[in-house]
>>> print(open('input.txt').read())   # compact mmCIF, C-alpha atoms and all ligand atoms
# COMPACT_ATOMS: atom_id res chain seq x y z
CA MET A 1 -1.04 45.16 61.65
CA LYS A 2 -0.94 41.46 62.47
CA ILE A 3 0.17 40.36 65.96
CA LEU A 4 0.84 36.67 66.50
CA THR A 5 0.58 35.67 70.15
CA VAL A 6 2.22 32.47 71.37
CA LEU A 7 0.90 31.03 74.62
CA GLY A 8 0.56 27.62 76.20
CA ALA A 9 0.30 27.67 79.99
CA ARG A 10 -2.29 28.76 82.55
CA PRO A 11 -0.70 32.06 83.64
CA GLN A 12 -0.37 33.06 79.97
CA PHE A 13 -4.07 32.50 79.26
CA ILE A 14 -4.88 34.77 82.19
CA LYS A 15 -2.55 37.54 80.95
CA ALA A 16 -3.86 37.12 77.40
CA ALA A 17 -7.38 37.83 78.63
CA ALA A 18 -6.41 41.44 79.40
CA PHE A 19 -4.44 41.96 76.22
CA SER A 20 -6.94 40.39 73.82
CA ARG A 21 -9.73 42.53 75.29
CA VAL A 22 -7.76 45.71 74.56
CA ILE A 23 -6.77 44.57 71.05
CA ALA A 24 -10.44 44.15 70.19
CA ASP A 25 -10.91 47.92 70.76
CA TYR A 26 -8.26 48.92 68.19
CA ASP A 27 -9.10 49.37 64.52
CA GLY A 28 -6.86 47.64 62.01
CA LEU A 29 -5.27 45.21 64.46
CA GLN A 30 -5.49 41.49 63.97
CA GLU A 31 -4.40 38.95 66.60
CA VAL A 32 -3.61 35.36 65.66
CA ILE A 33 -3.26 33.09 68.69
CA VAL A 34 -1.05 30.00 68.73
CA HIS A 35 -1.68 27.66 71.68
CA THR A 36 1.24 25.26 72.07
CA GLY A 37 -0.72 22.79 74.20
CA GLN A 38 1.86 22.95 77.02
CA HIS A 39 -1.14 22.90 79.40
CA TYR A 40 -4.00 20.92 77.91
CA ASP A 41 -6.47 19.67 80.59
CA GLN A 42 -9.94 21.26 80.57
CA ASN A 43 -9.32 22.89 83.97
CA MET A 44 -5.77 24.02 83.11
CA SER A 45 -6.59 25.42 79.66
CA ASP A 46 -10.06 25.41 78.01
CA ILE A 47 -11.90 26.83 81.02
CA PHE A 48 -9.90 30.07 80.79
CA PHE A 49 -10.75 30.60 77.12
CA GLU A 50 -14.42 29.90 77.87
CA GLU A 51 -14.93 32.00 80.99
CA MET A 52 -12.54 34.88 80.18
CA GLY A 53 -13.66 35.34 76.56
CA ILE A 54 -10.16 34.87 75.12
CA PRO A 55 -10.41 34.47 71.31
CA LEU A 56 -9.99 30.82 70.32
CA PRO A 57 -6.51 29.93 69.08
CA LYS A 58 -6.22 29.64 65.30
CA TYR A 59 -3.51 27.02 65.86
CA LYS A 60 -3.56 24.45 68.64
CA LEU A 61 -0.43 22.33 68.92
CA GLN A 62 0.03 19.23 71.03
CA THR A 63 3.38 19.65 72.68
CA GLY A 64 2.41 19.07 76.33
CA GLY A 65 3.58 16.25 78.61
CA LYS A 66 7.12 16.04 77.24
CA THR A 67 10.60 16.73 78.61
CA HIS A 68 11.79 20.33 78.39
CA GLY A 69 14.02 19.70 75.37
CA ALA A 70 11.45 17.69 73.43
CA MET A 71 8.68 20.18 74.18
CA THR A 72 10.69 23.28 73.29
CA GLY A 73 12.13 21.65 70.17
CA GLN A 74 8.72 20.62 68.83
CA GLN A 75 7.28 24.03 69.59
CA LEU A 76 10.15 25.72 67.77
CA GLU A 77 9.65 23.64 64.64
CA LYS A 78 5.88 24.07 64.54
CA ILE A 79 5.80 27.77 65.39
CA GLU A 80 8.34 28.44 62.63
CA GLU A 81 6.00 26.81 60.09
CA ILE A 82 3.14 28.96 61.32
CA LEU A 83 5.20 32.15 61.18
CA LEU A 84 6.22 31.41 57.59
CA GLU A 85 2.56 30.95 56.71
CA GLU A 86 1.12 33.90 58.71
CA LYS A 87 3.92 36.46 58.20
CA PRO A 88 2.99 38.53 61.28
CA ASP A 89 4.38 42.03 61.92
CA LEU A 90 5.14 41.13 65.55
CA VAL A 91 5.29 38.08 67.79
CA LEU A 92 4.00 38.55 71.34
CA VAL A 93 5.08 36.28 74.19
CA TYR A 94 4.29 36.28 77.91
CA GLY A 95 6.26 35.30 80.97
CA ASP A 96 8.73 32.47 81.24
CA THR A 97 7.50 29.10 80.00
CA ASN A 98 8.93 26.84 77.29
CA SER A 99 6.27 28.28 74.96
CA THR A 100 7.64 31.79 75.63
CA LEU A 101 11.15 30.76 74.66
CA ALA A 102 10.06 28.74 71.61
CA GLY A 103 7.91 31.63 70.36
CA ALA A 104 10.76 34.10 70.75
CA LEU A 105 13.43 31.86 69.20
CA SER A 106 11.36 30.97 66.17
CA ALA A 107 10.58 34.65 65.57
CA VAL A 108 14.09 36.03 65.98
CA LYS A 109 15.49 33.55 63.46
CA LEU A 110 12.97 34.81 60.90
CA HIS A 111 13.75 38.46 61.78
CA ILE A 112 10.24 39.08 63.10
CA PRO A 113 10.13 41.64 65.95
CA ILE A 114 9.28 40.26 69.40
CA ALA A 115 7.43 41.87 72.30
CA HIS A 116 7.92 40.25 75.71
CA ILE A 117 5.34 40.97 78.39
CA GLU A 118 6.59 40.47 81.95
CA ALA A 119 10.22 40.93 80.92
CA GLY A 120 13.15 41.50 83.29
CA LEU A 121 12.03 39.30 86.17
CA ARG A 122 14.86 37.34 87.76
CA SER A 123 15.07 34.87 90.63
CA PHE A 124 18.86 34.54 90.10
CA ASN A 125 18.36 30.79 90.39
CA ARG A 126 19.51 29.26 87.12
CA LYS A 127 18.27 25.81 88.12
CA MET A 128 14.73 27.04 87.49
CA PRO A 129 13.68 26.32 83.90
CA GLU A 130 11.68 29.57 84.03
CA GLU A 131 14.83 31.61 84.73
CA ILE A 132 16.58 30.26 81.63
CA ASN A 133 13.48 30.85 79.51
CA ARG A 134 13.17 34.49 80.58
CA ILE A 135 16.87 35.37 80.26
CA LEU A 136 17.03 34.00 76.72
CA THR A 137 13.70 35.50 75.68
CA ASP A 138 14.74 38.93 76.96
CA GLN A 139 18.00 38.75 75.01
CA VAL A 140 16.20 38.35 71.66
CA SER A 141 13.22 40.63 72.28
CA ASP A 142 12.74 44.05 70.66
CA CYS A 143 10.20 45.50 73.10
CA LEU A 144 10.60 44.50 76.74
CA PHE A 145 7.59 45.38 78.87
CA VAL A 146 8.61 45.34 82.53
CA PRO A 147 6.39 45.68 85.60
CA SER A 148 8.84 47.63 87.77
CA LEU A 149 12.08 49.60 87.95
CA GLY A 150 13.81 46.57 89.53
CA ALA A 151 13.00 44.49 86.44
CA LYS A 152 14.35 47.26 84.19
CA ASN A 153 17.59 47.35 86.18
CA ASN A 154 17.98 43.58 85.81
CA LEU A 155 17.83 44.01 82.03
CA LEU A 156 20.28 46.91 82.02
CA HIS A 157 22.75 44.73 83.96
CA GLU A 158 22.44 42.11 81.24
CA GLY A 159 23.28 44.66 78.56
CA VAL A 160 19.80 45.16 77.11
CA ASP A 161 19.46 48.47 75.23
CA GLU A 162 17.54 50.92 77.44
CA ASN A 163 15.48 52.14 74.47
CA LYS A 164 13.86 48.73 74.20
CA ILE A 165 12.64 48.68 77.82
CA PHE A 166 9.26 50.08 78.89
CA ILE A 167 8.01 50.21 82.48
CA VAL A 168 4.27 49.60 82.12
CA GLY A 169 3.15 47.94 85.38
CA ASP A 170 1.82 44.42 85.67
CA ILE A 171 -0.79 43.13 83.25
CA MET A 172 -2.08 40.73 85.92
CA TYR A 173 -3.25 43.73 87.91
CA ASP A 174 -5.54 44.66 84.99
CA VAL A 175 -6.94 41.13 85.11
CA SER A 176 -7.35 41.10 88.90
CA LEU A 177 -9.30 44.36 88.91
CA TYR A 178 -11.58 43.30 86.06
CA TYR A 179 -12.42 39.88 87.48
CA LYS A 180 -12.83 40.98 91.09
CA GLU A 181 -16.15 42.40 89.86
CA ARG A 182 -17.02 39.06 88.26
CA MET A 183 -15.71 36.50 90.75
CA VAL A 184 -17.70 33.34 91.48
CA LYS A 185 -17.94 31.27 94.66
CA PRO A 186 -17.02 27.63 93.89
CA ASN A 187 -20.14 25.45 94.07
CA TRP A 188 -18.37 23.00 96.45
CA PHE A 189 -17.36 25.69 98.94
CA ASP A 190 -20.42 25.71 101.26
CA ALA A 191 -20.25 21.94 101.70
CA LEU A 192 -16.80 22.33 103.28
CA ASN A 193 -18.45 24.21 106.15
CA LEU A 194 -15.51 26.51 106.83
CA ASN A 195 -15.72 29.86 108.60
CA ASN A 196 -12.27 30.82 107.49
CA PHE A 197 -9.50 29.31 105.44
CA ILE A 198 -6.01 29.71 104.02
CA LEU A 199 -5.65 29.38 100.24
CA CYS A 200 -2.62 27.42 99.08
CA THR A 201 -1.13 26.47 95.70
CA ILE A 202 1.94 24.30 95.08
CA HIS A 203 3.28 23.49 91.63
CA ARG A 204 6.91 24.62 91.11
CA ALA A 205 9.09 21.75 89.90
CA GLU A 206 11.76 22.69 92.47
CA ASN A 207 9.22 21.82 95.23
CA THR A 208 7.27 18.95 93.68
CA ASP A 209 10.13 16.99 92.14
CA ASP A 210 12.09 16.77 95.40
CA GLU A 211 10.45 14.26 97.73
CA LEU A 212 11.94 15.76 100.89
CA LYS A 213 10.90 19.30 100.04
CA LEU A 214 7.33 18.27 99.23
CA LEU A 215 7.15 16.19 102.41
CA ASN A 216 8.38 19.16 104.50
CA ILE A 217 5.87 21.50 102.88
CA PHE A 218 2.97 19.18 103.79
CA LYS A 219 4.43 18.72 107.27
CA GLY A 220 4.52 22.51 107.79
CA LEU A 221 1.01 23.03 106.40
CA GLY A 222 -0.30 20.12 108.50
CA SER A 223 1.26 21.36 111.77
CA SER A 224 -0.50 24.72 111.40
CA ASN A 225 -3.85 23.00 112.11
CA LYS A 226 -5.58 25.71 110.04
CA ASN A 227 -8.17 25.01 107.37
CA ILE A 228 -6.30 25.01 104.09
CA ILE A 229 -7.88 24.83 100.63
CA LEU A 230 -5.44 23.53 98.05
CA PRO A 231 -6.51 23.55 94.38
CA LEU A 232 -3.95 21.10 93.14
CA HIS A 233 -1.96 21.34 89.91
CA PRO A 234 -1.73 18.03 87.96
CA ARG A 235 2.05 17.92 88.41
CA THR A 236 1.70 18.00 92.20
CA VAL A 237 -1.07 15.38 92.16
CA ASN A 238 1.27 13.02 90.30
CA LYS A 239 4.17 13.75 92.64
CA ILE A 240 2.11 13.17 95.80
CA ARG A 241 1.27 9.73 94.41
CA GLU A 242 4.81 9.03 93.26
CA HIS A 243 6.35 10.05 96.62
CA ASN A 244 3.55 8.32 98.54
CA ILE A 245 2.83 11.39 100.66
CA THR A 246 -0.06 11.36 103.14
CA VAL A 247 -1.89 14.67 102.99
CA PRO A 248 -2.70 16.02 106.50
CA ASN A 249 -6.44 16.23 107.17
CA ASN A 250 -6.60 20.01 107.74
CA ILE A 251 -5.89 20.33 104.00
CA ARG A 252 -8.82 20.09 101.57
CA ILE A 253 -7.52 19.19 98.14
CA VAL A 254 -9.71 20.28 95.23
CA ASP A 255 -9.23 20.21 91.46
CA PRO A 256 -7.63 23.29 89.88
CA VAL A 257 -10.30 25.98 89.64
CA GLY A 258 -11.10 28.48 86.89
CA TYR A 259 -9.95 32.07 87.28
CA LEU A 260 -13.32 33.46 88.45
CA GLU A 261 -13.39 30.95 91.30
CA MET A 262 -9.72 31.48 92.04
CA VAL A 263 -10.29 35.21 92.54
CA TRP A 264 -13.19 34.44 94.89
CA LEU A 265 -10.97 32.13 96.95
CA GLU A 266 -8.19 34.73 97.05
CA VAL A 267 -10.52 37.55 98.08
CA ASN A 268 -12.22 35.47 100.79
CA SER A 269 -9.14 33.78 102.25
CA ASP A 270 -7.40 34.88 105.46
CA LEU A 271 -3.93 34.24 104.09
CA ILE A 272 -2.31 32.93 100.91
CA VAL A 273 0.48 30.34 100.89
CA THR A 274 2.00 29.62 97.49
CA ASP A 275 5.00 28.89 95.30
CA SER A 276 3.31 30.51 92.28
CA GLY A 277 4.61 33.76 90.82
CA GLY A 278 1.18 34.95 89.75
CA VAL A 279 -0.54 34.06 93.02
CA GLN A 280 2.07 36.03 95.04
CA LYS A 281 1.05 39.15 93.12
CA GLU A 282 -2.66 38.42 93.32
CA ALA A 283 -2.36 38.11 97.10
CA TYR A 284 -1.05 41.68 97.10
CA PHE A 285 -3.67 42.90 94.61
CA HIS A 286 -6.40 41.55 96.92
CA SER A 287 -4.70 42.88 100.09
CA LYS A 288 -3.76 39.46 101.51
CA TYR A 289 -0.50 38.63 103.18
CA CYS A 290 1.49 35.95 101.34
CA ILE A 291 3.74 33.19 102.63
CA THR A 292 5.92 32.01 99.75
CA LEU A 293 7.14 28.42 99.62
CA ARG A 294 10.39 29.38 97.89
CA GLU A 295 13.80 30.64 98.94
CA GLU A 296 13.82 33.47 96.42
CA THR A 297 11.27 35.34 94.35
CA GLU A 298 11.22 37.43 91.20
CA TRP A 299 8.65 39.69 92.88
CA VAL A 300 11.19 41.22 95.26
CA GLU A 301 9.19 44.43 95.79
CA LEU A 302 6.55 42.46 97.70
CA VAL A 303 9.14 41.14 100.15
CA GLU A 304 10.84 44.53 100.47
CA HIS A 305 7.52 46.20 101.36
CA GLY A 306 6.75 43.52 103.96
CA PHE A 307 3.78 41.99 102.09
CA ASN A 308 5.38 38.63 101.41
CA LYS A 309 7.55 36.28 103.48
CA LEU A 310 9.85 33.70 101.90
CA VAL A 311 9.86 30.50 103.96
CA GLY A 312 11.22 27.98 101.45
CA TYR A 313 10.38 24.38 102.26
CA ASP A 314 11.35 24.35 105.93
CA ALA A 315 8.41 22.91 107.93
CA LYS A 316 9.07 25.09 110.99
CA LEU A 317 9.41 28.31 108.99
CA ILE A 318 6.17 27.45 107.17
CA VAL A 319 4.16 26.87 110.33
CA ASP A 320 5.67 29.91 112.09
CA GLY A 321 4.99 32.06 109.03
CA ILE A 322 1.37 30.92 108.93
CA ASN A 323 0.80 31.46 112.65
CA VAL A 324 2.33 34.94 112.69
CA SER A 325 0.64 36.17 109.50
CA ASP A 326 -2.80 34.55 109.59
CA SER A 327 -5.46 37.21 108.89
CA GLN A 328 -2.84 39.98 108.64
CA LYS A 329 -4.18 42.66 106.28
CA ILE A 330 -2.00 44.67 103.94
CA GLU A 331 -2.62 47.86 101.95
CA SER A 332 -2.04 47.64 98.21
CA SER A 333 0.06 50.64 97.23
CA GLY A 334 0.44 50.79 93.46
CA ILE A 335 3.75 48.90 93.23
CA TYR A 336 2.78 47.33 89.91
CA GLY A 337 1.03 50.17 88.12
CA ASP A 338 -2.52 51.39 87.77
CA GLY A 339 -4.33 48.46 86.13
CA LYS A 340 -4.07 49.93 82.62
CA THR A 341 -0.99 48.00 81.57
CA ALA A 342 -2.48 46.20 78.55
CA LYS A 343 -3.50 49.49 76.91
CA LYS A 344 -0.07 51.03 77.57
CA ILE A 345 1.61 48.04 75.96
CA LEU A 346 -0.58 48.13 72.91
CA ASP A 347 -0.12 51.89 72.43
CA ILE A 348 3.66 51.38 72.46
CA ILE A 349 3.47 48.42 70.07
CA VAL A 350 1.28 50.30 67.63
CA SER A 351 3.41 53.45 67.65
CA THR A 352 6.62 51.40 67.26
CA PHE A 353 5.64 48.78 64.68
CA ASN A 354 2.47 49.81 62.87
CA HIS A 355 3.99 51.54 59.85
CA GLN A 356 1.79 50.06 57.13
N1 LIG B 1 -4.90 29.87 89.08
C1 LIG B 1 -6.19 29.48 88.72
N2 LIG B 1 -6.67 28.31 89.26
C2 LIG B 1 -5.96 27.54 90.12
C3 LIG B 1 -4.65 27.96 90.47
C4 LIG B 1 -4.14 29.12 89.92
O1 LIG B 1 -6.87 30.17 87.95
O2 LIG B 1 -6.46 26.49 90.55
C5 LIG B 1 -4.37 31.11 88.49
C6 LIG B 1 -3.87 32.12 89.50
O3 LIG B 1 -4.94 32.91 89.98
C7 LIG B 1 -2.85 32.90 88.69
C8 LIG B 1 -2.30 31.88 87.75
O4 LIG B 1 -3.21 30.79 87.74
O5 LIG B 1 -3.48 33.92 87.94
C9 LIG B 1 -0.95 31.43 88.22
O6 LIG B 1 -0.53 30.38 87.46
P1 LIG B 1 0.56 29.33 87.96
O7 LIG B 1 0.60 29.35 89.45
O8 LIG B 1 0.26 28.06 87.27
O9 LIG B 1 1.91 29.88 87.32
P2 LIG B 1 2.98 30.97 87.74
O10 LIG B 1 2.28 32.26 88.00
O11 LIG B 1 3.71 30.46 88.94
O12 LIG B 1 3.89 31.05 86.56
>>> encode(input="input.txt", output="structure tokens", more="lines below")
Ligand code: UDP
Amino acid sequence: MKILTVLGARPQFIKAAAFSRVIADYDGLQEVIVHTGQHYDQNMSDIFFEEMGIPLPKYKLQTGGKTHGAMTGQQLEKIEEILLEEKPDLVLVYGDTNSTLAGALSAVKLHIPIAHIEAGLRSFNRKMPEEINRILTDQVSDCLFVPSLGAKNNLLHEGVDENKIFIVGDIMYDVSLYYKERMVKPNWFDALNLNNFILCTIHRAENTDDELKLLNIFKGLGSSNKNIILPLHPRTVNKIREHNITVPNNIRIVDPVGYLEMVWLEVNSDLIVTDSGGVQKEAYFHSKYCITLREETEWVELVEHGFNKLVGYDAKLIVDGINVSDSQKIESSGIYGDGKTAKKILDIIVSTFNHQ
């Protein structure tokens, strides 16, 4: 059986690490990876393939750095050519990026079955490009692998056939468990001379593209007077320059780090502050409280269980959230499965589609 995986952005490389490792243990399965080039810098792309042992993509496209329409359109055209050439039995897509949508659309039009990992998540904010990508991808997918009952219910409300939905837990939990044993302290860390720190990431377009929101976020982080390490996404770097924002001096900006270093920072932080979907879950996996710089989240279970607080981009809510939650410990309680999600997914795929 031939599985063609379409990926293109950092969180997808990280998820693919778990899946590709499990595929390698199955006889008679071949995975062809298409990298759309949505993320292309060394520290946003290549480092993950190198340090996480993800098989190198057979196809590497160059569709990054474009508007949403141009990027998705080019991906659609090029992935279709590849599908016609490769004739896979199944197309596998992850998450909610433009690459996810382009992979799914090109497959459905050629009548190739689609498996969507991390299906059913909803923020109910249709201004987010990610929300549109996941709704449309879910509508055309044949196997929808969801992390939780809430995600399944979202799909049922949208009319998705229940027989196509599988609750399997979260594949990022597999990755977190595996790499916690292999985490690496960043070589610049000791030079910062910090006894404790808060780990922060900011990259969502809804925060970076709006000057006032980004300004308020830095104001809130600055007023906390805590040591904050901020590995900064290229989009945010550009926006800080464009909006001429002065970064408060309790914040240490560093380049984006590889996954092994990211896990070390998460595990050793006192608190995590983020607008990332993946980092909200990793905070929970590593028993850290999370302050989320958004007004809504797809990972509602974390808020409901009191592990995550939504503070949006209000400077006062951010600083209050940080002061109340700093060093607060939480107990991980199996909300997103048992860390064997990749194997469950592959077993279902093989029993559903491997008829040759
Ligand atoms: N991440 C990383 N290095 C960094 C920042 C994030 O390896 O400098 C990882 C993080 O641990 C998580 C993933 O990237 O696994 C999250 O990706 P991102 O925040 O870009 O996307 P989202 O999850 O919001 O879709």
>>> residues_near_ligand(input="input.txt", ligand="ligand LIG 1 (chain B)", cutoff="6 Å", atoms="all atoms listed in the file", output="list in words")
Arg10, Pro11, Ile14, Pro231, Pro256, Val257, Gly258, Tyr259, Met262, Ser276, Gly277, Gly278 and Val279 of chain A
>>> closest_residue(input="input.txt", among="A:Glu301, A:Glu85, A:Asp46, A:Asp190", to="Leu149 of chain A", atoms="all atoms listed in the file")
A:Glu301
>>> atom_distance(input="input.txt", atom1="atom CA of Asp41 of chain A", atom2="atom CA of Ile117 of chain A")
24.5 Å
>>> atom_distance(input="input.txt", atom1="atom CA of Ser141 of chain A", atom2="atom CA of Ile114 of chain A")
4.9 Å
>>> closest_atom_pairs(input="input.txt", of="segment 87-163 of chain A", to="segment 59-67 of chain A", cutoff="12 Å", atoms="all atoms listed in the file", output="JSON lines")
{"residue": "A:Thr97", "atom": "CA", "partner": "A:Gly64", "partner_atom": "CA", "distance": 11.8}
{"residue": "A:Asn98", "atom": "CA", "partner": "A:Thr63", "partner_atom": "CA", "distance": 10.2}
{"residue": "A:Ser99", "atom": "CA", "partner": "A:Thr63", "partner_atom": "CA", "distance": 9.4}
{"residue": "A:Ala102", "atom": "CA", "partner": "A:Thr63", "partner_atom": "CA", "distance": 11.3}
{"residue": "A:Pro129", "atom": "CA", "partner": "A:Thr67", "partner_atom": "CA", "distance": 11.4}
>>> residues_near_point(input="input.txt", point="(-3.4, 36.3, 70.1)", cutoff="12 Å", atoms="all atoms listed in the file", output="compact mmCIF listing (two decimals) with C-alpha atoms, keeping the file's coordinate frame")
# COMPACT_ATOMS: atom_id res chain seq x y z
CA LYS A 2 -0.94 41.46 62.47
CA ILE A 3 0.17 40.36 65.96
CA LEU A 4 0.84 36.67 66.50
CA THR A 5 0.58 35.67 70.15
CA VAL A 6 2.22 32.47 71.37
CA LEU A 7 0.90 31.03 74.62
CA GLY A 8 0.56 27.62 76.20
CA GLN A 12 -0.37 33.06 79.97
CA PHE A 13 -4.07 32.50 79.26
CA LYS A 15 -2.55 37.54 80.95
CA ALA A 16 -3.86 37.12 77.40
CA ALA A 17 -7.38 37.83 78.63
CA ALA A 18 -6.41 41.44 79.40
CA PHE A 19 -4.44 41.96 76.22
CA SER A 20 -6.94 40.39 73.82
CA ARG A 21 -9.73 42.53 75.29
CA VAL A 22 -7.76 45.71 74.56
CA ILE A 23 -6.77 44.57 71.05
CA ALA A 24 -10.44 44.15 70.19
CA LEU A 29 -5.27 45.21 64.46
CA GLN A 30 -5.49 41.49 63.97
CA GLU A 31 -4.40 38.95 66.60
CA VAL A 32 -3.61 35.36 65.66
CA ILE A 33 -3.26 33.09 68.69
CA VAL A 34 -1.05 30.00 68.73
CA HIS A 35 -1.68 27.66 71.68
CA PHE A 49 -10.75 30.60 77.12
CA ILE A 54 -10.16 34.87 75.12
CA PRO A 55 -10.41 34.47 71.31
CA LEU A 56 -9.99 30.82 70.32
CA PRO A 57 -6.51 29.93 69.08
CA LYS A 58 -6.22 29.64 65.30
CA TYR A 59 -3.51 27.02 65.86
CA LYS A 60 -3.56 24.45 68.64
CA PRO A 88 2.99 38.53 61.28
CA LEU A 90 5.14 41.13 65.55
CA VAL A 91 5.29 38.08 67.79
CA LEU A 92 4.00 38.55 71.34
CA VAL A 93 5.08 36.28 74.19
CA TYR A 94 4.29 36.28 77.91
>>> closest_residue(input="input.txt", among="A:Arg241, A:Lys226, A:His286, A:Lys109", to="Asn323 of chain A", atoms="all atoms listed in the file")
A:Lys226
>>> closest_residue(input="input.txt", among="A:Glu181, A:Glu295, A:Glu80, A:Asp170", to="Ser148 of chain A", atoms="all atoms listed in the file")
A:Asp170
